[in-house]
Each structure stands twice: as C-alpha cells, then as structure tokens.
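Q: Data: run_18.cif, mmCIF, C-alpha atoms.
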```cif
data_entry
loop_
_atom_site.label_atom_id
_atom_site.label_comp_id
_atom_site.auth_asym_id
_atom_site.auth_seq_id
_atom_site.Cartn_x
_atom_site.Cartn_y
_atom_site.Cartn_z
CA MET B 157 15.14 -21.81 -45.14
CA LEU B 158 13.77 -22.17 -48.62
CA GLY B 159 16.74 -20.60 -50.43
CA VAL B 160 17.26 -17.61 -48.10
CA THR B 161 20.11 -17.73 -45.60
CA ARG B 162 19.56 -16.88 -41.94
CA ASP B 163 22.29 -14.18 -42.05
CA TRP B 164 20.57 -12.48 -44.99
CA TYR B 165 17.19 -12.65 -43.29
CA VAL B 166 18.43 -11.32 -39.93
CA ALA B 167 20.17 -8.46 -41.76
CA ALA B 168 16.96 -7.74 -43.66
CA LEU B 169 14.97 -7.64 -40.44
CA ALA B 170 17.42 -5.18 -38.90
CA PHE B 171 17.35 -2.99 -42.02
CA ASN B 172 13.57 -3.04 -42.14
CA GLY B 173 12.98 -2.36 -38.44
CA GLY B 174 12.16 -5.97 -37.55
CA VAL B 175 9.46 -6.29 -40.24
CA PRO B 176 10.03 -9.13 -42.74
CA ILE B 177 10.83 -7.94 -46.25
CA LEU B 178 8.60 -9.82 -48.68
CA ASN B 179 10.56 -12.01 -51.07
CA LYS B 180 9.86 -14.79 -53.54
CA ASP B 181 11.15 -17.51 -51.22
CA MET B 182 8.97 -16.56 -48.27
CA THR B 183 6.61 -19.24 -46.92
CA LEU B 184 3.05 -18.08 -46.28
CA CYS B 185 0.62 -19.31 -43.62
CA ILE B 186 -2.86 -17.87 -43.17
CA SER B 187 -5.98 -17.99 -41.03
CA LEU B 188 -9.60 -18.00 -42.14
CA SER B 189 -12.27 -16.57 -39.88
CA ALA B 190 -15.53 -14.66 -40.20
CA ARG B 191 -14.04 -12.01 -37.91
CA PRO B 192 -10.25 -12.30 -37.82
CA SER B 193 -8.21 -11.08 -34.88
CA ASN B 194 -4.49 -10.30 -34.64
CA ASN B 195 -3.87 -13.07 -32.08
CA GLY B 196 -2.55 -15.70 -34.48
CA THR B 197 -0.87 -13.14 -36.70
CA ARG B 198 1.15 -11.69 -33.81
CA PHE B 199 1.91 -15.08 -32.22
CA HIS B 200 3.18 -16.79 -35.39
CA ASN B 201 5.04 -13.82 -36.83
CA HIS B 202 6.78 -13.18 -33.52
CA LEU B 203 8.03 -16.77 -33.45
CA TYR B 204 9.16 -16.55 -37.08
CA GLU B 205 11.24 -13.51 -36.15
CA GLN B 206 12.66 -15.12 -32.99
CA LEU B 207 13.67 -18.23 -34.93
CA GLY B 208 14.92 -16.38 -38.03
CA LEU B 209 12.41 -18.08 -40.33
CA ASN B 210 11.64 -16.59 -43.72
CA TRP B 211 7.90 -17.06 -43.15
CA ILE B 212 4.93 -14.73 -42.79
CA TYR B 213 1.40 -15.19 -41.41
CA LYS B 214 -1.69 -13.27 -42.52
CA ALA B 215 -5.32 -13.35 -41.40
CA PHE B 216 -8.23 -13.33 -43.86
CA ALA B 217 -12.02 -13.13 -43.77
CA PRO B 218 -13.05 -15.16 -46.84
CA THR B 219 -16.12 -14.30 -48.85
CA ASP B 220 -16.09 -17.76 -50.43
CA LEU B 221 -14.66 -20.62 -48.37
CA ALA B 222 -14.26 -23.04 -51.28
CA GLN B 223 -12.32 -20.49 -53.29
CA ALA B 224 -10.15 -19.67 -50.27
CA ILE B 225 -9.19 -23.32 -49.79
CA ALA B 226 -8.56 -23.67 -53.52
CA GLY B 227 -6.18 -20.75 -53.11
CA VAL B 228 -4.36 -22.53 -50.30
CA ARG B 229 -3.83 -25.49 -52.60
CA GLY B 230 -3.09 -23.60 -55.80
CA LEU B 231 -0.77 -20.97 -54.33
CA GLY B 232 1.23 -23.39 -52.21
CA ILE B 233 0.23 -21.77 -48.91
CA ARG B 234 1.86 -23.98 -46.29
CA GLY B 235 -0.64 -23.76 -43.45
CA CYS B 236 -4.15 -22.51 -42.79
CA ALA B 237 -5.84 -21.98 -39.44
CA VAL B 238 -9.63 -22.34 -39.51
CA SER B 239 -11.90 -20.53 -37.05
CA MET B 240 -15.63 -20.02 -36.53
CA PRO B 241 -17.81 -20.63 -38.43
CA TYR B 242 -15.85 -22.76 -40.92
CA LYS B 243 -14.57 -25.66 -38.79
CA GLU B 244 -17.11 -28.15 -40.14
CA ASP B 245 -17.77 -26.69 -43.60
CA VAL B 246 -14.10 -27.04 -44.54
CA ILE B 247 -14.16 -30.83 -44.15
CA ALA B 248 -15.50 -31.39 -47.67
CA LEU B 249 -12.67 -29.29 -49.11
CA VAL B 250 -9.61 -31.16 -47.78
CA ASP B 251 -7.96 -34.39 -48.92
CA VAL B 252 -7.02 -36.13 -45.66
CA MET B 253 -8.53 -36.00 -42.18
CA ASP B 254 -6.00 -36.59 -39.42
CA PRO B 255 -7.46 -38.64 -36.53
CA SER B 256 -7.47 -35.50 -34.35
CA ALA B 257 -10.00 -33.92 -36.73
CA LYS B 258 -11.79 -37.04 -37.94
CA ALA B 259 -12.69 -38.17 -34.43
CA ILE B 260 -14.74 -35.04 -33.82
CA ASP B 261 -15.59 -33.95 -37.40
CA SER B 262 -14.09 -30.52 -36.77
CA VAL B 263 -11.05 -28.81 -38.31
CA ASN B 264 -8.98 -25.90 -37.07
CA THR B 265 -5.73 -26.53 -38.95
CA ILE B 266 -4.83 -27.43 -42.53
CA VAL B 267 -1.32 -28.38 -43.65
CA ASN B 268 -0.46 -28.26 -47.35
CA ASP B 269 2.10 -30.85 -48.46
CA GLY B 270 2.68 -30.32 -52.17
CA GLY B 271 -1.00 -29.77 -52.90
CA THR B 272 -2.33 -32.42 -50.53
CA LEU B 273 -4.38 -30.79 -47.77
CA THR B 274 -4.43 -32.58 -44.43
CA ALA B 275 -6.82 -31.39 -41.72
CA TYR B 276 -6.05 -31.45 -37.99
CA ASN B 277 -7.66 -30.19 -34.79
CA THR B 278 -5.43 -28.62 -32.12
CA ASP B 279 -8.39 -27.15 -30.19
CA TYR B 280 -8.89 -30.52 -28.48
CA THR B 281 -5.28 -30.50 -27.27
CA ALA B 282 -5.67 -27.00 -25.85
CA ILE B 283 -8.84 -27.86 -23.90
CA GLU B 284 -7.31 -31.08 -22.62
CA GLN B 285 -4.16 -29.35 -21.38
CA LEU B 286 -6.03 -26.52 -19.68
CA LEU B 287 -8.32 -28.88 -17.78
CA GLN B 288 -5.22 -30.70 -16.55
CA ARG B 289 -3.28 -27.52 -15.69
CA ASN B 290 -6.14 -26.21 -13.60
CA ALA B 291 -6.73 -29.60 -11.97
CA VAL B 292 -10.46 -29.49 -12.71
CA PRO B 293 -12.01 -32.61 -11.12
CA SER B 294 -13.80 -34.86 -13.59
CA THR B 295 -16.57 -35.16 -11.01
CA HIS B 296 -17.55 -31.53 -11.66
CA SER B 297 -20.91 -30.95 -13.30
CA VAL B 298 -20.61 -28.89 -16.49
CA LEU B 299 -22.76 -26.54 -18.55
CA LEU B 300 -21.32 -26.30 -22.07
CA ARG B 301 -22.88 -23.51 -24.12
CA GLY B 302 -22.52 -23.97 -27.87
CA ALA B 303 -22.82 -26.71 -30.50
CA GLY B 304 -20.40 -25.78 -33.27
CA GLY B 305 -16.97 -27.11 -34.21
CA MET B 306 -15.20 -25.74 -31.15
CA ALA B 307 -17.95 -27.12 -28.93
CA LYS B 308 -17.30 -30.57 -30.44
CA ALA B 309 -13.61 -30.35 -29.56
CA THR B 310 -14.51 -29.21 -26.04
CA ALA B 311 -17.11 -31.94 -25.55
CA ALA B 312 -14.69 -34.60 -26.77
CA ALA B 313 -11.97 -33.37 -24.40
CA LEU B 314 -14.43 -33.40 -21.49
CA ARG B 315 -15.62 -36.91 -22.32
CA ASP B 316 -12.07 -38.24 -22.68
CA ALA B 317 -11.04 -36.59 -19.40
CA GLY B 318 -13.77 -38.51 -17.61
CA PHE B 319 -16.48 -35.84 -17.25
CA ARG B 320 -19.92 -37.42 -17.28
CA ASP B 321 -22.32 -34.83 -15.82
CA VAL B 322 -22.33 -32.47 -18.81
CA THR B 323 -25.25 -30.55 -20.28
CA VAL B 324 -24.99 -29.00 -23.75
CA ILE B 325 -26.82 -25.67 -23.99
CA ALA B 326 -27.83 -24.91 -27.58
CA ARG B 327 -30.86 -23.13 -29.04
CA ASN B 328 -30.49 -25.14 -32.24
CA GLU B 329 -32.19 -28.31 -31.04
CA GLU B 330 -30.94 -30.49 -33.88
CA ALA B 331 -27.29 -29.48 -33.42
CA GLY B 332 -27.53 -29.50 -29.63
CA ARG B 333 -29.13 -32.92 -29.36
CA ALA B 334 -26.70 -34.34 -31.92
CA LEU B 335 -23.66 -33.09 -30.01
CA ALA B 336 -25.01 -34.21 -26.66
CA GLY B 337 -25.95 -37.62 -28.01
CA LEU B 338 -22.55 -38.11 -29.62
CA TYR B 339 -20.80 -37.93 -26.25
CA GLY B 340 -23.53 -39.25 -23.96
CA PHE B 341 -24.39 -35.85 -22.49
CA ALA B 342 -27.68 -34.08 -21.81
CA TRP B 343 -29.12 -31.21 -23.86
CA ARG B 344 -31.08 -28.12 -22.98
CA ALA B 345 -32.21 -25.28 -25.25
CA ASP B 346 -31.27 -22.40 -22.97
CA VAL B 347 -29.76 -21.52 -19.63
CA ASP B 348 -31.70 -19.71 -16.94
CA PRO B 349 -30.76 -18.19 -13.56
CA SER B 350 -31.91 -21.33 -11.76
CA SER B 351 -29.36 -23.47 -13.61
CA ALA B 352 -26.24 -24.49 -11.70
CA ALA B 353 -23.03 -26.39 -12.42
CA ASP B 354 -19.52 -26.64 -10.99
CA MET B 355 -17.98 -25.53 -14.30
CA ILE B 356 -19.50 -23.34 -16.99
CA ILE B 357 -17.95 -23.14 -20.47
CA ASN B 358 -18.87 -20.66 -23.19
CA VAL B 359 -18.15 -21.85 -26.73
CA THR B 360 -20.35 -19.29 -28.52
CA PRO B 361 -19.46 -15.85 -29.97
CA ILE B 362 -21.18 -14.13 -27.03
CA GLY B 363 -18.65 -11.72 -25.52
CA MET B 364 -16.43 -11.68 -28.60
CA ALA B 365 -15.04 -8.29 -29.61
CA GLY B 366 -16.82 -7.38 -32.82
CA GLY B 367 -19.05 -10.42 -32.37
CA MET B 368 -20.60 -12.59 -35.04
CA ALA B 369 -23.57 -10.22 -35.04
CA GLY B 370 -21.61 -7.04 -35.61
CA GLY B 371 -20.85 -6.43 -31.95
CA ALA B 372 -24.39 -6.70 -30.60
CA GLU B 373 -23.33 -9.36 -28.07
CA ALA B 374 -19.79 -8.11 -27.37
CA GLU B 375 -20.75 -6.79 -23.92
CA ALA B 376 -23.16 -9.60 -23.08
CA LEU B 377 -22.71 -12.33 -20.49
CA SER B 378 -22.97 -15.83 -21.94
CA PHE B 379 -24.32 -17.10 -18.59
CA PRO B 380 -26.57 -15.32 -16.06
CA GLN B 381 -24.79 -13.83 -13.05
CA ALA B 382 -26.53 -16.30 -10.72
CA VAL B 383 -25.07 -19.22 -12.69
CA ILE B 384 -21.61 -17.65 -12.54
CA ASP B 385 -21.95 -17.18 -8.78
CA ALA B 386 -22.89 -20.84 -8.34
CA ALA B 387 -19.95 -22.16 -10.39
CA LYS B 388 -16.46 -23.07 -9.22
CA VAL B 389 -14.75 -22.80 -12.62
CA VAL B 390 -15.56 -20.25 -15.34
CA PHE B 391 -14.17 -21.08 -18.79
CA ASP B 392 -14.61 -18.85 -21.84
CA VAL B 393 -13.19 -20.11 -25.14
CA VAL B 394 -13.57 -16.65 -26.73
CA ALA B 395 -10.02 -15.33 -27.24
CA LEU B 396 -10.70 -11.71 -28.13
CA PRO B 397 -10.73 -9.90 -25.84
CA ALA B 398 -8.72 -11.97 -23.36
CA GLU B 399 -10.88 -10.54 -20.57
CA THR B 400 -14.39 -11.20 -21.87
CA PRO B 401 -17.45 -10.13 -19.86
CA LEU B 402 -17.75 -13.72 -18.61
CA ILE B 403 -14.11 -13.86 -17.49
CA ILE B 404 -14.37 -10.45 -15.81
CA ALA B 405 -17.48 -11.60 -13.96
CA GLY B 406 -15.81 -14.87 -13.00
CA ARG B 407 -12.75 -13.12 -11.59
CA ALA B 408 -14.91 -10.66 -9.66
CA ALA B 409 -16.79 -13.59 -8.13
CA GLY B 410 -13.52 -15.23 -7.06
CA LYS B 411 -13.83 -18.22 -9.38
CA THR B 412 -11.08 -20.20 -11.08
CA VAL B 413 -11.04 -18.78 -14.61
CA ILE B 414 -9.72 -20.29 -17.84
CA THR B 415 -9.50 -17.89 -20.76
CA GLY B 416 -9.79 -18.16 -24.50
CA ALA B 417 -6.42 -16.44 -24.75
CA GLU B 418 -4.90 -19.49 -23.06
CA VAL B 419 -6.70 -21.75 -25.53
CA ALA B 420 -5.42 -19.61 -28.41
CA THR B 421 -1.81 -19.89 -27.27
CA ILE B 422 -1.79 -23.68 -26.97
CA GLN B 423 -3.65 -24.39 -30.19
CA ALA B 424 -1.51 -21.86 -32.08
CA LEU B 425 1.69 -23.44 -30.75
CA GLU B 426 0.61 -26.86 -31.96
CA GLN B 427 -0.28 -25.34 -35.34
CA PHE B 428 3.17 -23.73 -35.51
CA VAL B 429 4.79 -27.13 -34.93
CA LEU B 430 2.64 -28.75 -37.64
CA TYR B 431 3.52 -26.02 -40.15
CA THR B 432 7.25 -25.66 -39.47
CA GLY B 433 8.34 -28.93 -37.85
CA ILE B 434 9.96 -26.84 -35.11
CA ARG B 435 8.91 -26.79 -31.44
CA PRO B 436 9.96 -23.47 -29.87
CA SER B 437 11.34 -23.33 -26.34
CA ASP B 438 9.05 -22.46 -23.45
CA GLU B 439 10.78 -19.09 -23.21
CA GLN B 440 10.14 -18.36 -26.89
CA VAL B 441 6.48 -19.34 -26.54
CA ARG B 442 6.05 -17.08 -23.51
CA ALA B 443 7.61 -14.17 -25.42
CA ALA B 444 5.27 -14.77 -28.37
CA GLU B 445 2.29 -15.04 -26.00
CA ASP B 446 3.21 -11.76 -24.28
CA PHE B 447 3.57 -10.08 -27.66
CA MET B 448 0.20 -11.46 -28.78
CA ARG B 449 -1.55 -10.16 -25.68
CA ALA B 450 0.14 -6.72 -25.78
CA GLN B 451 -1.90 -5.57 -28.78
#
```
Can you dump the structure from the file as structure tokens?
A:
Amino acid sequence: MLGVTRDWYVAALAFNGGVPILNKDMTLCISLSARPSNNGTRFHNHLYEQLGLNWIYKAFAPTDLAQAIAGVRGLGIRGCAVSMPYKEDVIALVDVMDPSAKAIDSVNTIVNDGGTLTAYNTDYTAIEQLLQRNAVPSTHSVLLRGAGGMAKATAAALRDAGFRDVTVIARNEEAGRALAGLYGFAWRADVDPSSAADMIINVTPIGMAGGMAGGAEAEALSFPQAVIDAAKVVFDVVALPAETPLIIAGRAAGKTVITGAEVATIQALEQFVLYTGIRPSDEQVRAAEDFMRAQ
C-alpha cells in the first residue's frame, strides 16, 4: 500500500477515530463538479477504510477546469471523477479516450497512470445495469429529458438495449437534435401535459439539491404530473437528494422508480475498481452504499 503497512494504517485509524491520518504516502482521488455532493466522498472513503487502503477521496468545485486537470497530472492524483457540466469539456484535456468514453464523447472518470490521463465512462454501465435489473421492456416508449454528457450515456445505453421509440427533450435545439440524430431518436424542444411515454427519464439538474441555478429548480418536477401519471417507469438520474421531487411523485403514483442514487452507486463502484484494481465484495459495496445514503 504505497509504503505504508496495513497494520500501521489500521492502528492509525483506531487512534484517530476512524478518520485517515494524512501522510506522504497517501493516494489521492478527487471529483470535479459544479456543485459537489458528499455521495462519492462517503462511498469511496468508506471502502478505503473497509479495505485498509491508505487512500483518500475529496470533492472539488473547480473555478478553472483546465487548471484542475493539470493539477491531476502534475500532482500525481490517481483518479478523478467528472460530473456535470464538465463531461464533454474535459475531453480536450486528457491523453487517451477509452472506448467507453470515446463511443459517446462523454467522460465521467479519469485515471492517471504516471502522468498519462485516460478517460472512461462508467455512467453507461450504470444505466445499462439498472434497465436490466428492473426488467424494463425495450418496447417501452421513452421520453429522455436532457442533452448533456450524462444524456449521451443514457441514450447510448437505451439504443444498445434495443429501445427504439425514444424522444429527446431539450430546449437547446442544436444539442437536442444532435443527440437524437446520433442514436436515431426523435427530438422535441419541451414536454407538455399531453405528452405520454411508458418510461420517463430526467437527465437535467431539475430537482437537484442546490441545483445548477442556485436551488431555483430544486423543488421542481422535471415532468408534468400528467406525464408521470401516464408512465410505467420513472427514472431520475439526479443523485442528490436520493428522493427527488420526480421520484417522490413517481412513488406516490405507484410507478416503478429508478433513482439517481442507484446510478451513483454503480458508476462509483466501477470508478473504484478502475482506480484501485480491487473489486469489493457485494457486502462491502452495500455497506458503503448505506453509509453514502445515511448523510
């Protein structure tokens, strides 16, 4: 463990009340987001503690993305999670695009190997697994609201799972049409109460705690109530809070719901494996997930 023995580290944790004592041999991983949450921080650090790893994870809100990525390279930061709105902008700043990121031109994970930055996308994996777990039929019609990096990962997962009746909802016509055209889907500028689909998916910041607009949309529904009532599956990719207004409305209406917290767990687990080379047990992942959600 990078020059620090497990016995020393476990003893240090006990002495320090379970909080890692910073030391020169500690490996650092970070996340970059416009509005960071504690989800990744709690998930990763809990696993480091369970596994006795001399690692630490810290969230940041960069004021300059290029300088932040230069810091990842120059300081030897092992891993970097990338969240909205940087998933596409970061592409020009890395050295290698793994096929998982290159296929959809969207990045949520960077791994630093001796100064070489390789970009990955574990969002796709999370969406794919959750569609399978919930046995969502590929014959379902879908309204996908959003056109950013996460929306690309979601659209790609839908296409590859066999979904064909998908409409991208995006006010930015250029981005919306481009995303829809890339995967053979339809585009519409907005959603109205007369819209209907078997599955609705929110991939915008609407409903996010704090919100991209300073909290103005934190209590808002990303789809009208009538559209929620008409759906069979309600999926919100927003992870904070776990129970967004859309998820609360979906549960109240008796729909199958898929939460952003579930997405966050799966994509974070795959990031953890990329960073450390270790795949935790299911029990360890559940413990880390419970700890993440207990905040």
Q: Each residue of segment 293-312 of chain B with at least one atom at most 12 Å from segment 236-242 of chain B should appear once, together with its nearest atom pair and the corresponding distance in Å (one decimal); atoms considered: all atoms listed in the file; ordering: chain, then increasing residue number; output as a Markdown table.
A:
```
| residue | atom | partner | partner_atom | distance |
| --- | --- | --- | --- | --- |
| B:Gly302 | CA | B:Met240 | CA | 11.8 |
| B:Ala303 | CA | B:Pro241 | CA | 11.2 |
| B:Gly304 | CA | B:Pro241 | CA | 7.7 |
| B:Gly305 | CA | B:Met240 | CA | 7.6 |
| B:Met306 | CA | B:Met240 | CA | 7.9 |
| B:Ala307 | CA | B:Met240 | CA | 10.7 |
```
Q: So the first atom is atom CA of Phe379 of chain B and the second is atom CA of Ile357 of chain B; what is the distance between them in Å, to one decimal place?
A: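 Here the two named atoms are 9.0 Å from each other.
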Q: Show me the residues close to (-25.4, -10.8, -18.5) - anything with an atom within 12 Å, counting only C-alpha atoms - and format the list as a list in words.
A: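 Applying the cut-off with only C-alpha atoms, one gets Val347, Asp348, Pro349, Ile362, Gly363, Glu373, Ala374, Glu375, Ala376, Leu377, Ser378, Phe379, Pro380, Gln381, Ala382, Val383, Ile384, Thr400, Pro401, Leu402, Ile403, Ile404, Ala405 and Gly406 of chain B.
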Q: Select, from B:Val419, B:Leu209, B:Ala336, B:Ala190, the residue with the minimum atom-to-atom distance to Asp392 of chain B, counting only C-alpha atoms.
A: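 Once distances to Asp392 of chain B are computed over only C-alpha atoms, the minimum belongs to B:Val419.
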Q: For the structure provided, state which residues fall under the PyMOL selection byres ((chain B and resi 184) around 10), and present them as a ChimeraX atom specification.
A: /B:181-183,185-186,210-214,228,231-236
Q: Exactly which residues make up the result of the PyMOL selection byres ((chain B and resi 426) around 12) on this file, given as JSON, numbers by chain?
A: {"B": [196, 199, 200, 235, 237, 264, 265, 266, 267, 276, 277, 278, 279, 280, 281, 282, 285, 419, 420, 421, 422, 423, 424, 425, 427, 428, 429, 430, 431, 432, 433, 434, 435, 436, 441]}
Q: Limited to C-alpha atoms, could you put the picked residues into a file as an mmCIF file, in the coordinates of the input?
A:
```
data_model
loop_
_atom_site.group_PDB
_atom_site.id
_atom_site.type_symbol
_atom_site.label_atom_id
_atom_site.label_comp_id
_atom_site.auth_asym_id
_atom_site.auth_seq_id
_atom_site.Cartn_x
_atom_site.Cartn_y
_atom_site.Cartn_z
ATOM 1 C CA GLY B 196 -2.550 -15.700 -34.480
ATOM 2 C CA PHE B 199 1.910 -15.080 -32.220
ATOM 3 C CA HIS B 200 3.180 -16.790 -35.390
ATOM 4 C CA GLY B 235 -0.640 -23.760 -43.450
ATOM 5 C CA ALA B 237 -5.840 -21.980 -39.440
ATOM 6 C CA ASN B 264 -8.980 -25.900 -37.070
ATOM 7 C CA THR B 265 -5.730 -26.530 -38.950
ATOM 8 C CA ILE B 266 -4.830 -27.430 -42.530
ATOM 9 C CA VAL B 267 -1.320 -28.380 -43.650
ATOM 10 C CA TYR B 276 -6.050 -31.450 -37.990
ATOM 11 C CA ASN B 277 -7.660 -30.190 -34.790
ATOM 12 C CA THR B 278 -5.430 -28.620 -32.120
ATOM 13 C CA ASP B 279 -8.390 -27.150 -30.190
ATOM 14 C CA TYR B 280 -8.890 -30.520 -28.480
ATOM 15 C CA THR B 281 -5.280 -30.500 -27.270
ATOM 16 C CA ALA B 282 -5.670 -27.000 -25.850
ATOM 17 C CA GLN B 285 -4.160 -29.350 -21.380
ATOM 18 C CA VAL B 419 -6.700 -21.750 -25.530
ATOM 19 C CA ALA B 420 -5.420 -19.610 -28.410
ATOM 20 C CA THR B 421 -1.810 -19.890 -27.270
ATOM 21 C CA ILE B 422 -1.790 -23.680 -26.970
ATOM 22 C CA GLN B 423 -3.650 -24.390 -30.190
ATOM 23 C CA ALA B 424 -1.510 -21.860 -32.080
ATOM 24 C CA LEU B 425 1.690 -23.440 -30.750
ATOM 25 C CA GLN B 427 -0.280 -25.340 -35.340
ATOM 26 C CA PHE B 428 3.170 -23.730 -35.510
ATOM 27 C CA VAL B 429 4.790 -27.130 -34.930
ATOM 28 C CA LEU B 430 2.640 -28.750 -37.640
ATOM 29 C CA TYR B 431 3.520 -26.020 -40.150
ATOM 30 C CA THR B 432 7.250 -25.660 -39.470
ATOM 31 C CA GLY B 433 8.340 -28.930 -37.850
ATOM 32 C CA ILE B 434 9.960 -26.840 -35.110
ATOM 33 C CA ARG B 435 8.910 -26.790 -31.440
ATOM 34 C CA PRO B 436 9.960 -23.470 -29.870
ATOM 35 C CA VAL B 441 6.480 -19.340 -26.540
#
```
Q: Run through the PyMOL selection byres ((chain B and resi 218) around 8) on the given coordinates and return the selected residues as an MDAnalysis selection string.
A: chainID B and resid 188:190 216:217 219:221 224
Q: Could you write those residues out with C-alpha atoms, as an mmCIF file, keeping the file's coordinate frame?
A:
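The resulting file, again-v4.cif, is shown below:
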```cif
data_model
loop_
_atom_site.group_PDB
_atom_site.id
_atom_site.type_symbol
_atom_site.label_atom_id
_atom_site.label_comp_id
_atom_site.auth_asym_id
_atom_site.auth_seq_id
_atom_site.Cartn_x
_atom_site.Cartn_y
_atom_site.Cartn_z
ATOM 1 C CA LEU B 188 -9.600 -18.000 -42.140
ATOM 2 C CA SER B 189 -12.270 -16.570 -39.880
ATOM 3 C CA ALA B 190 -15.530 -14.660 -40.200
ATOM 4 C CA PHE B 216 -8.230 -13.330 -43.860
ATOM 5 C CA ALA B 217 -12.020 -13.130 -43.770
ATOM 6 C CA THR B 219 -16.120 -14.300 -48.850
ATOM 7 C CA ASP B 220 -16.090 -17.760 -50.430
ATOM 8 C CA LEU B 221 -14.660 -20.620 -48.370
ATOM 9 C CA ALA B 224 -10.150 -19.670 -50.270
#
```
Q: Calculated over all atoms listed in the file, which of the candidates B:Thr197, B:Gln223, B:Ser262, B:Thr323 has the smallest distance to Phe341 of chain B?
A: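 Ranking B:Thr197, B:Gln223, B:Ser262, B:Thr323 by distance to Phe341 of chain B, first place goes to B:Thr323.
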Q: Mind checking which residues fall within 9 Å of Val298 of chain B, counting all atoms listed in the file, ignoring those fewer than 2 positions away in the same chain, and posting them as JSON, numbers by chain?
A: {"B": [296, 300, 319, 320, 321, 322, 323, 324, 352, 353, 354, 355, 356, 357]}
Q: How many Å separate atom CA of Ile283 of chain B from atom CA of Val413 of chain B?
A: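 Taking atom CA of Ile283 of chain B and atom CA of Val413 of chain B, their separation equals 13.2 Å.
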Q: Mind pulling up the distance from atom CA of Asn358 of chain B to atom CA of Arg301 of chain B?
A: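 Answer for the atom CA of Arg301 of chain B to atom CA of Asn358 of chain B separation: 5.0 Å.
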Q: Do you know which residues lie at most 6 Å from (-30.0, -25.0, -28.9), with coordinates as in the file and all atoms listed in the file counted, and could you write them as a list of chain:residue names?
A: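 Checking each residue against the 6 Å limit leaves B:Ile325, B:Ala326, B:Arg327, B:Asn328, B:Glu329, B:Gly332, B:Ala345.
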Q: Rank nothing, just name the residue among B:Gly271, B:Val263, B:Asp346, B:Arg407 nearest to Asp245 of chain B, using only C-alpha atoms.
A: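 The answer is B:Val263, which sits nearest to Asp245 of chain B.
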Q: Tell me which of B:Asp385, B:Glu244, B:Asp251, B:Glu418 sits closest to Ala226 of chain B, counting all atoms listed in the file.
A: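 Going through B:Asp385, B:Glu244, B:Asp251, B:Glu418 one by one, the smallest distance to Ala226 of chain B is for B:Asp251.
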